[in-house]
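Okay, so here's the structure we're looking at.
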Number of protein chains: 2
Amino acid sequence: MRTELEEAYGFLFEKELIDDIVENGTLKKVAAGEKIIEIGEYVTGMPLLLKGAIKILREDSDGDELLLYFLERGDTCAMTLNCCLGQTKSEIRAVAENDTTLVMIPISKMEEWTAKYKSWRNFVFESYHTRLSEMLDTIDTIAFLNMDERLMRYLRDKVKINRNENLQVTHQEIAYDLHTSRVVVSRLLKKLEKDGKISLQRNHITVLDL
Amino acid sequence: MRTELEEAYGFLFEKELIDDIVENGTLKKVAAGEKIIEIGEYVTGMPLLLKGAIKILREDSDGDELLLYFLERGDTCAMTLNCCLGQTKSEIRAVAENDTTLVMIPISKMEEWTAKYKSWRNFVFESYHTRLSEMLDTIDTIAFLNMDERLMRYLRDKVKINRNENLQVTHQEIAYDLHTSRVVVSRLLKKLEKDGKISLQRNHITVLDL
DNA sequence: AAACCTTTGTAACACTTGTTACTGTGGGCG
DNA sequence: CGCCCACAGTAACAAGTGTTACAAAGGTTT
């Protein structure tokens, strides 16, 4: 755990803080597709991502989803920060995008460290900063782009996050993430294939040139 | 200034912090409709809202706008916090929704106070918290609601912010805020009038029952 | 009053997206 | 092998929103 922590956060956190994290945090491994937190659940701790990636989803009143953004190594969930502070329930769902390792920090330590470690304070501020920017980006995407452009952006992000041009995903899954229907996704994907930007196979998509 | 500060922030900030604000902040009055900060400008200070309301807007690549949310008394602009930290340019435009009074805090004081005053730290965290929630709300609205529902929500918010059922606004202005066209707004407003929810006059709208 | 500008109303049409329905296909399993 | 099922392709249509164009109404300026 210490090695991975230092790899991901060593340049940010002072040694004492890393010690504190090793002592108080619990390592958690999550398999791809597994749920990490559900909307309405109380937040028990704050996650620090060591390996893998997580996707953060919002839900509408019909239970349909919308992908907000991905988290990667070195990220934490600002929404969780949010909840810890406000002692409120989670406003989002978090699902492992691939096999993921994270350290859970008990919320009791959070306030203590905020006062104690300048690097922790900066990290928390920086996380809020990144997250707000990411949210702005999400809003831009939803508000200003058509579905075909959103789909392209989605595929690009997914390639980047998984470090693999070969995406293991069905049209229906994409439809859930983009909050649209399977037919629409199939239609647009077919068009992208015709334009030579991707190639389609059953259960996976190869991104050629987006 | 002190009186207004104590009214809006007295229950949050300790006396020494209020003193510090009075000493270092500069009072600024902005008339309704006036621009407070423009996208791409460097942020010179952080605003604390004493009176009035501000609307925060995002812009797309064509220069068209989208209303993100309103700020009221006791609020600060988390986007500005963001910029101060990152030393980056403003990502949003802020326009006075009505006659507004605010205190500008020089960014140099921000880090100092973060270390010095617990209440300031809490305020900053709390602001991030509120803003993230507000952004989630904005995303829900754009992603999950149709234009007619968005329009209703917009009118409701506007009534609340201005404390007045009589809205001084043209259809074109609404269209800008909702990132749609004037014709669409007119169409939907007419329907709301037929349903007895509002009444339409030239240059203003009376909200009856939304 | 006449000329003019801004705002609003409305129709007709185009485009994007969502829906329904049906077909075909690949792969696993009895 | 044949059956079943999840996945994908496609057409036809519906709904919502955006666009263009024009007319009418209100208010201001000359």
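Naming scheme: A, B, ... for chains in displayed order of the structure tokens; residues 1 onward per chain; ligands 1 onward as shown.
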
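All residues of protein, DNA or RNA that reach within 10 Å of B:Ser108, judged by only C-alpha atoms (C1' of nucleotides) and not counting those fewer than 2 positions away in the chain, are Thr44, Gly45, Cys84, Ile105, Pro106, Met110, Glu111, Glu112 and Trp113 of chain B.
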
task: Can you pull out every residue within 7 Å of stretch 175-192 of chain A, counting only C-alpha atoms (C1' of nucleotides), but drop anything in the same chain fewer than 4 positions away, and send it as a PyMOL selection string?
output: chain A and resi 64-67+148+171+196-198

- prompt: Got a sec to pull out which chain B residues are within 8 Å of chain C, counting only C-alpha atoms (C1' of nucleotides), and send them as number ranges by chain?
  reply: B: 170, 186, 202-203

Write the selection just made, keeping N, CA and C atoms, as a PDB file, in the first residue's frame?
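Dumped to again_31.pdb:
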ATOM      1  N   THR B 170     -37.409  40.349 -21.400  1.00  0.00           N
ATOM      2  CA  THR B 170     -37.964  40.068 -22.730  1.00  0.00           C
ATOM      3  C   THR B 170     -37.768  38.593 -23.068  1.00  0.00           C
ATOM      4  N   SER B 186     -41.178  32.194 -26.832  1.00  0.00           N
ATOM      5  CA  SER B 186     -42.505  32.792 -27.038  1.00  0.00           C
ATOM      6  C   SER B 186     -43.573  31.708 -27.080  1.00  0.00           C
ATOM      7  N   ARG B 202     -45.921  43.279 -22.654  1.00  0.00           N
ATOM      8  CA  ARG B 202     -44.697  43.703 -23.334  1.00  0.00           C
ATOM      9  C   ARG B 202     -43.636  44.048 -22.303  1.00  0.00           C
ATOM     10  N   ASN B 203     -42.482  43.442 -22.445  1.00  0.00           N
ATOM     11  CA  ASN B 203     -41.333  43.708 -21.569  1.00  0.00           C
ATOM     12  C   ASN B 203     -41.453  43.188 -20.142  1.00  0.00           C
TER      13      ASN B 203
END

message: Based on the backbone DSSP call, show me all residues of stretch 32-192 of chain B assigned strand (DSSP E or B), as a PyMOL selection string.
response: chain B and resi 35-37+42+45-51+54-59+65-71+76+89+93-96+100-106+166-168

Within 10 Å of chain B, which residues belong to chain D? Use only C-alpha atoms (C1' of nucleotides) and report them as a PDB file with N, CA and C atoms (P, O5', C5', C4', C3', O3' and C1' of nucleotides), in the first residue's frame.
ATOM      1  P    DG D  16     -43.484  16.137 -27.071  1.00  0.00           P
ATOM      2  O5'  DG D  16     -42.097  16.871 -27.315  1.00  0.00           O
ATOM      3  C5'  DG D  16     -40.899  16.203 -26.944  1.00  0.00           C
ATOM      4  C4'  DG D  16     -39.740  17.035 -27.405  1.00  0.00           C
ATOM      5  C3'  DG D  16     -39.888  18.524 -27.088  1.00  0.00           C
ATOM      6  O3'  DG D  16     -38.711  18.917 -26.405  1.00  0.00           O
ATOM      7  C1'  DG D  16     -39.403  18.202 -29.399  1.00  0.00           C
ATOM      8  P    DT D  17     -38.523  20.403 -25.878  1.00  0.00           P
ATOM      9  O5'  DT D  17     -37.677  21.032 -27.069  1.00  0.00           O
ATOM     10  C5'  DT D  17     -36.473  20.386 -27.436  1.00  0.00           C
ATOM     11  C4'  DT D  17     -35.923  21.035 -28.678  1.00  0.00           C
ATOM     12  C3'  DT D  17     -35.804  22.560 -28.600  1.00  0.00           C
ATOM     13  O3'  DT D  17     -34.436  22.851 -28.784  1.00  0.00           O
ATOM     14  C1'  DT D  17     -36.756  21.860 -30.665  1.00  0.00           C
ATOM     15  P    DG D  18     -33.919  24.343 -28.912  1.00  0.00           P
ATOM     16  O5'  DG D  18     -33.810  24.533 -30.486  1.00  0.00           O
ATOM     17  C5'  DG D  18     -32.845  23.771 -31.204  1.00  0.00           C
ATOM     18  C4'  DG D  18     -32.774  24.252 -32.632  1.00  0.00           C
ATOM     19  C3'  DG D  18     -32.551  25.757 -32.798  1.00  0.00           C
ATOM     20  O3'  DG D  18     -31.628  25.945 -33.871  1.00  0.00           O
ATOM     21  C1'  DG D  18     -34.546  25.118 -33.889  1.00  0.00           C
ATOM     22  P    DT D  19     -31.286  27.360 -34.445  1.00  0.00           P
ATOM     23  O5'  DT D  19     -32.293  27.517 -35.668  1.00  0.00           O
ATOM     24  C5'  DT D  19     -32.257  26.568 -36.719  1.00  0.00           C
ATOM     25  C4'  DT D  19     -32.941  27.144 -37.940  1.00  0.00           C
ATOM     26  C3'  DT D  19     -32.715  28.642 -38.161  1.00  0.00           C
ATOM     27  O3'  DT D  19     -32.398  28.819 -39.528  1.00  0.00           O
ATOM     28  C1'  DT D  19     -35.036  28.175 -38.084  1.00  0.00           C
ATOM     29  P    DA D  25     -52.694  44.390 -34.340  1.00  0.00           P
ATOM     30  O5'  DA D  25     -51.997  44.723 -32.947  1.00  0.00           O
ATOM     31  C5'  DA D  25     -51.403  43.667 -32.189  1.00  0.00           C
ATOM     32  C4'  DA D  25     -50.378  44.268 -31.264  1.00  0.00           C
ATOM     33  C3'  DA D  25     -50.741  45.675 -30.767  1.00  0.00           C
ATOM     34  O3'  DA D  25     -50.531  45.712 -29.377  1.00  0.00           O
ATOM     35  C1'  DA D  25     -48.591  45.681 -31.695  1.00  0.00           C
ATOM     36  P    DG D  26     -51.185  46.886 -28.509  1.00  0.00           P
ATOM     37  O5'  DG D  26     -49.898  47.590 -27.896  1.00  0.00           O
ATOM     38  C5'  DG D  26     -48.944  46.809 -27.196  1.00  0.00           C
ATOM     39  C4'  DG D  26     -47.667  47.605 -27.076  1.00  0.00           C
ATOM     40  C3'  DG D  26     -47.879  49.043 -26.593  1.00  0.00           C
ATOM     41  O3'  DG D  26     -47.120  49.208 -25.407  1.00  0.00           O
ATOM     42  C1'  DG D  26     -46.487  48.973 -28.541  1.00  0.00           C
TER      43       DG D  26
END

- request: Could you please select, counting only C-alpha atoms, the residues of chain B within 9 Å of chain A and state them as a VMD selection string?
  value: chain B and resid 58 to 61 66 68 78 to 79 81 to 83 85 to 86 91 115 118 125 to 126 128 to 133 135 to 136 138 to 140 142 to 144 179

Could you please take those selected residues and save N, CA and C atoms as an mmCIF file, in the first residue's frame?
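Output (result03.cif):
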data_model
loop_
_atom_site.group_PDB
_atom_site.id
_atom_site.type_symbol
_atom_site.label_atom_id
_atom_site.label_comp_id
_atom_site.auth_asym_id
_atom_site.auth_seq_id
_atom_site.Cartn_x
_atom_site.Cartn_y
_atom_site.Cartn_z
ATOM 1 N N ARG B 58 -22.202 30.621 -18.687
ATOM 2 C CA ARG B 58 -21.185 29.896 -19.441
ATOM 3 C C ARG B 58 -21.389 30.207 -20.914
ATOM 4 N N GLU B 59 -20.335 30.142 -21.684
ATOM 5 C CA GLU B 59 -20.449 30.491 -23.100
ATOM 6 C C GLU B 59 -19.977 29.343 -23.983
ATOM 7 N N ASP B 60 -20.653 29.124 -25.123
ATOM 8 C CA ASP B 60 -20.184 28.084 -26.046
ATOM 9 C C ASP B 60 -19.300 28.699 -27.125
ATOM 10 N N SER B 61 -18.857 27.868 -28.036
ATOM 11 C CA SER B 61 -17.871 28.320 -29.016
ATOM 12 C C SER B 61 -18.435 29.352 -29.994
ATOM 13 N N LEU B 66 -25.302 30.328 -21.583
ATOM 14 C CA LEU B 66 -26.158 29.423 -20.816
ATOM 15 C C LEU B 66 -26.062 29.840 -19.361
ATOM 16 N N LEU B 68 -25.915 29.335 -15.580
ATOM 17 C CA LEU B 68 -25.569 28.221 -14.697
ATOM 18 C C LEU B 68 -26.357 28.290 -13.394
ATOM 19 N N ALA B 78 -17.627 30.341 -6.161
ATOM 20 C CA ALA B 78 -16.665 29.254 -6.029
ATOM 21 C C ALA B 78 -15.753 29.183 -7.253
ATOM 22 N N MET B 79 -16.262 29.632 -8.377
ATOM 23 C CA MET B 79 -15.435 29.666 -9.580
ATOM 24 C C MET B 79 -14.250 30.597 -9.367
ATOM 25 N N LEU B 81 -12.933 31.351 -6.390
ATOM 26 C CA LEU B 81 -12.063 30.612 -5.477
ATOM 27 C C LEU B 81 -11.128 29.754 -6.303
ATOM 28 N N ASN B 82 -11.756 29.030 -7.197
ATOM 29 C CA ASN B 82 -11.068 28.164 -8.127
ATOM 30 C C ASN B 82 -9.933 28.871 -8.836
ATOM 31 N N CYS B 83 -10.253 30.024 -9.375
ATOM 32 C CA CYS B 83 -9.286 30.753 -10.178
ATOM 33 C C CYS B 83 -8.154 31.292 -9.325
ATOM 34 N N LEU B 85 -6.938 30.051 -6.643
ATOM 35 C CA LEU B 85 -6.061 28.939 -6.335
ATOM 36 C C LEU B 85 -5.169 28.598 -7.518
ATOM 37 N N GLY B 86 -5.803 28.436 -8.638
ATOM 38 C CA GLY B 86 -5.071 27.963 -9.807
ATOM 39 C C GLY B 86 -4.371 29.068 -10.566
ATOM 40 N N GLU B 91 -13.517 31.203 -15.968
ATOM 41 C CA GLU B 91 -14.179 30.289 -16.897
ATOM 42 C C GLU B 91 -15.620 30.693 -17.136
ATOM 43 N N ALA B 115 -5.354 29.741 6.571
ATOM 44 C CA ALA B 115 -4.549 29.164 7.642
ATOM 45 C C ALA B 115 -4.970 29.718 9.003
ATOM 46 N N LYS B 118 -10.470 29.437 11.254
ATOM 47 C CA LYS B 118 -11.236 28.211 11.010
ATOM 48 C C LYS B 118 -12.548 28.532 10.312
ATOM 49 N N PHE B 125 -14.960 25.874 2.266
ATOM 50 C CA PHE B 125 -15.431 24.503 2.005
ATOM 51 C C PHE B 125 -16.923 24.494 1.730
ATOM 52 N N GLU B 126 -17.622 25.188 2.575
ATOM 53 C CA GLU B 126 -19.080 25.239 2.458
ATOM 54 C C GLU B 126 -19.492 25.809 1.093
ATOM 55 N N TYR B 128 -17.720 25.708 -1.721
ATOM 56 C CA TYR B 128 -17.487 24.670 -2.726
ATOM 57 C C TYR B 128 -18.625 23.658 -2.710
ATOM 58 N N HIS B 129 -18.988 23.275 -1.511
ATOM 59 C CA HIS B 129 -20.072 22.314 -1.329
ATOM 60 C C HIS B 129 -21.350 22.789 -2.020
ATOM 61 N N THR B 130 -21.770 23.992 -1.668
ATOM 62 C CA THR B 130 -22.994 24.553 -2.242
ATOM 63 C C THR B 130 -22.898 24.628 -3.755
ATOM 64 N N ARG B 131 -21.755 25.037 -4.240
ATOM 65 C CA ARG B 131 -21.601 25.252 -5.674
ATOM 66 C C ARG B 131 -21.648 23.938 -6.424
ATOM 67 N N LEU B 132 -21.004 22.923 -5.881
ATOM 68 C CA LEU B 132 -21.052 21.614 -6.538
ATOM 69 C C LEU B 132 -22.484 21.106 -6.596
ATOM 70 N N SER B 133 -23.218 21.277 -5.504
ATOM 71 C CA SER B 133 -24.616 20.851 -5.496
ATOM 72 C C SER B 133 -25.406 21.605 -6.543
ATOM 73 N N MET B 135 -24.296 22.912 -9.229
ATOM 74 C CA MET B 135 -23.898 22.452 -10.561
ATOM 75 C C MET B 135 -24.599 21.141 -10.895
ATOM 76 N N LEU B 136 -24.695 20.260 -9.925
ATOM 77 C CA LEU B 136 -25.415 19.005 -10.136
ATOM 78 C C LEU B 136 -26.847 19.300 -10.541
ATOM 79 N N THR B 138 -27.951 21.983 -11.947
ATOM 80 C CA THR B 138 -27.939 22.528 -13.306
ATOM 81 C C THR B 138 -27.867 21.401 -14.329
ATOM 82 N N ILE B 139 -26.996 20.437 -14.061
ATOM 83 C CA ILE B 139 -26.860 19.302 -14.972
ATOM 84 C C ILE B 139 -28.168 18.524 -15.069
ATOM 85 N N ASP B 140 -28.783 18.266 -13.926
ATOM 86 C CA ASP B 140 -30.080 17.579 -13.936
ATOM 87 C C ASP B 140 -31.058 18.316 -14.833
ATOM 88 N N ILE B 142 -30.575 20.492 -17.293
ATOM 89 C CA ILE B 142 -30.276 20.468 -18.727
ATOM 90 C C ILE B 142 -30.461 19.075 -19.304
ATOM 91 N N ALA B 143 -30.003 18.078 -18.562
ATOM 92 C CA ALA B 143 -29.959 16.728 -19.130
ATOM 93 C C ALA B 143 -31.312 16.033 -19.083
ATOM 94 N N PHE B 144 -32.081 16.302 -18.047
ATOM 95 C CA PHE B 144 -33.267 15.478 -17.820
ATOM 96 C C PHE B 144 -34.586 16.186 -18.132
ATOM 97 N N HIS B 179 -30.251 29.219 -23.480
ATOM 98 C CA HIS B 179 -29.547 28.711 -24.658
ATOM 99 C C HIS B 179 -30.518 28.089 -25.655
#

field: B:Ser90, B:Thr76, B:Gln172, B:Asn166 ranked by distance to B:His204, top pick (using only C-alpha atoms)
entry: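 For B:His204, the nearest of the given residues is B:Asn166.
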
message: Using DSSP secondary structure from the backbone, list all alpha helix (DSSP H) positions within stretch 21-189 of chain A, as a ChimeraX atom specification.
response: /A:21-24,78-86,107-116,118-144,147-162,171-178,182-189

Could you write those residues out with C-alpha atoms, as a tab-separated table (two decimals), in the first residue's frame?
chain	number	residue	atom	x	y	z
A	21	ILE	CA	-2.80	7.42	5.64
A	22	VAL	CA	-1.10	4.02	5.81
A	23	GLU	CA	-2.01	3.80	9.47
A	24	ASN	CA	-5.65	4.87	9.19
A	78	ALA	CA	-15.09	15.68	-4.50
A	79	MET	CA	-18.70	14.64	-4.13
A	80	THR	CA	-17.60	12.51	-1.23
A	81	LEU	CA	-15.69	15.41	0.25
A	82	ASN	CA	-18.93	17.23	-0.08
A	83	CYS	CA	-20.90	14.60	1.73
A	84	CYS	CA	-18.40	14.24	4.54
A	85	LEU	CA	-18.62	17.91	5.24
A	86	GLY	CA	-22.36	18.14	5.04
A	107	ILE	CA	-14.15	10.75	7.68
A	108	SER	CA	-13.13	11.37	11.27
A	109	LYS	CA	-9.55	11.92	10.11
A	110	MET	CA	-10.49	14.42	7.46
A	111	GLU	CA	-11.03	17.46	9.61
A	112	GLU	CA	-8.00	16.61	11.73
A	113	TRP	CA	-5.75	16.45	8.68
A	114	THR	CA	-7.20	19.61	7.20
A	115	ALA	CA	-5.95	21.51	10.21
A	116	LYS	CA	-2.70	19.55	10.54
A	118	LYS	CA	-0.97	22.00	4.55
A	119	SER	CA	-0.50	19.49	1.73
A	120	TRP	CA	-3.79	17.82	2.62
A	121	ARG	CA	-5.57	21.15	2.62
A	122	ASN	CA	-4.12	21.94	-0.78
A	123	PHE	CA	-5.09	18.53	-2.06
A	124	VAL	CA	-8.67	19.00	-0.95
A	125	PHE	CA	-8.86	22.45	-2.53
A	126	GLU	CA	-7.21	21.17	-5.66
A	127	SER	CA	-9.72	18.33	-5.85
A	128	TYR	CA	-12.62	20.71	-5.59
A	129	HIS	CA	-11.00	22.80	-8.25
A	130	THR	CA	-10.55	19.90	-10.66
A	131	ARG	CA	-14.03	18.63	-10.03
A	132	LEU	CA	-15.69	21.97	-10.64
A	133	SER	CA	-13.80	22.28	-13.90
A	134	GLU	CA	-14.83	18.79	-14.86
A	135	MET	CA	-18.44	19.62	-14.08
A	136	LEU	CA	-18.25	22.70	-16.27
A	137	ASP	CA	-16.94	20.51	-19.01
A	138	THR	CA	-19.80	18.09	-18.53
A	139	ILE	CA	-22.30	20.93	-18.74
A	140	ASP	CA	-20.69	22.21	-21.93
A	141	THR	CA	-20.93	18.77	-23.43
A	142	ILE	CA	-24.57	18.22	-22.57
A	143	ALA	CA	-25.75	21.73	-23.31
A	144	PHE	CA	-23.77	22.63	-26.41
A	147	MET	CA	-25.37	13.43	-29.64
A	148	ASP	CA	-22.87	12.48	-32.36
A	149	GLU	CA	-20.22	14.76	-30.88
A	150	ARG	CA	-21.02	13.59	-27.37
A	151	LEU	CA	-20.62	10.01	-28.52
A	152	MET	CA	-17.23	10.74	-30.06
A	153	ARG	CA	-16.08	12.46	-26.92
A	154	TYR	CA	-17.31	9.52	-24.87
A	155	LEU	CA	-15.37	7.02	-26.95
A	156	ARG	CA	-12.22	9.13	-26.78
A	157	ASP	CA	-12.48	9.43	-23.00
A	158	LYS	CA	-13.08	5.73	-22.65
A	159	VAL	CA	-10.00	4.90	-24.73
A	160	LYS	CA	-7.92	7.22	-22.62
A	161	ILE	CA	-9.21	5.94	-19.30
A	162	ASN	CA	-8.77	2.28	-20.21
A	171	HIS	CA	-24.41	-0.21	-27.54
A	172	GLN	CA	-26.90	-0.44	-24.71
A	173	GLU	CA	-24.25	0.36	-22.11
A	174	ILE	CA	-23.19	3.45	-24.05
A	175	ALA	CA	-26.83	4.49	-24.28
A	176	TYR	CA	-27.15	4.31	-20.49
A	177	ASP	CA	-24.05	6.46	-19.95
A	178	LEU	CA	-25.16	9.10	-22.45
A	182	ARG	CA	-29.77	2.00	-27.86
A	183	VAL	CA	-31.18	2.64	-31.32
A	184	VAL	CA	-29.75	6.14	-31.39
A	185	VAL	CA	-26.32	4.89	-30.36
A	186	SER	CA	-26.35	2.13	-32.98
A	187	ARG	CA	-27.34	4.64	-35.64
A	188	LEU	CA	-24.56	7.07	-34.80
A	189	LEU	CA	-21.95	4.36	-34.33

field: Interatomic distance (Å, one decimal) between atom CA of B:Tyr69 and atom CA of A:Pro47
entry: 29.0 Å

- request: Fewer than 2 positions away in the same chain doesn't count, so skip those; otherwise give me all residues within 8 Å of A:Lys35, counting only C-alpha atoms (C1' of nucleotides), as a ChimeraX atom specification.
  value: /A:33,37-38,93-96

Next, write the just-selected residues to a file, as a PDB file, in the first residue's frame, keeping N, CA and C atoms as the atom set.
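As a result, again21.pdb now contains:
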ATOM      1  N   GLY A  33     -16.890  -2.977 -13.072  1.00  0.00           N
ATOM      2  CA  GLY A  33     -18.341  -3.085 -13.111  1.00  0.00           C
ATOM      3  C   GLY A  33     -18.997  -3.089 -11.746  1.00  0.00           C
ATOM      4  N   ILE A  37     -20.349   3.160  -4.648  1.00  0.00           N
ATOM      5  CA  ILE A  37     -21.332   3.793  -3.771  1.00  0.00           C
ATOM      6  C   ILE A  37     -22.611   4.079  -4.543  1.00  0.00           C
ATOM      7  N   GLU A  38     -23.724   4.010  -3.850  1.00  0.00           N
ATOM      8  CA  GLU A  38     -25.036   4.183  -4.469  1.00  0.00           C
ATOM      9  C   GLU A  38     -25.671   5.494  -3.985  1.00  0.00           C
ATOM     10  N   ARG A  93     -23.754   7.992  -8.034  1.00  0.00           N
ATOM     11  CA  ARG A  93     -23.393   6.584  -8.017  1.00  0.00           C
ATOM     12  C   ARG A  93     -21.973   6.468  -8.561  1.00  0.00           C
ATOM     13  N   ALA A  94     -21.174   5.620  -7.945  1.00  0.00           N
ATOM     14  CA  ALA A  94     -19.812   5.390  -8.439  1.00  0.00           C
ATOM     15  C   ALA A  94     -19.655   3.921  -8.790  1.00  0.00           C
ATOM     16  N   VAL A  95     -19.200   3.656 -10.007  1.00  0.00           N
ATOM     17  CA  VAL A  95     -19.022   2.282 -10.473  1.00  0.00           C
ATOM     18  C   VAL A  95     -17.599   2.126 -11.003  1.00  0.00           C
ATOM     19  N   ALA A  96     -16.955   1.016 -10.666  1.00  0.00           N
ATOM     20  CA  ALA A  96     -15.600   0.769 -11.158  1.00  0.00           C
ATOM     21  C   ALA A  96     -15.634   0.605 -12.676  1.00  0.00           C
TER      22      ALA A  96
END
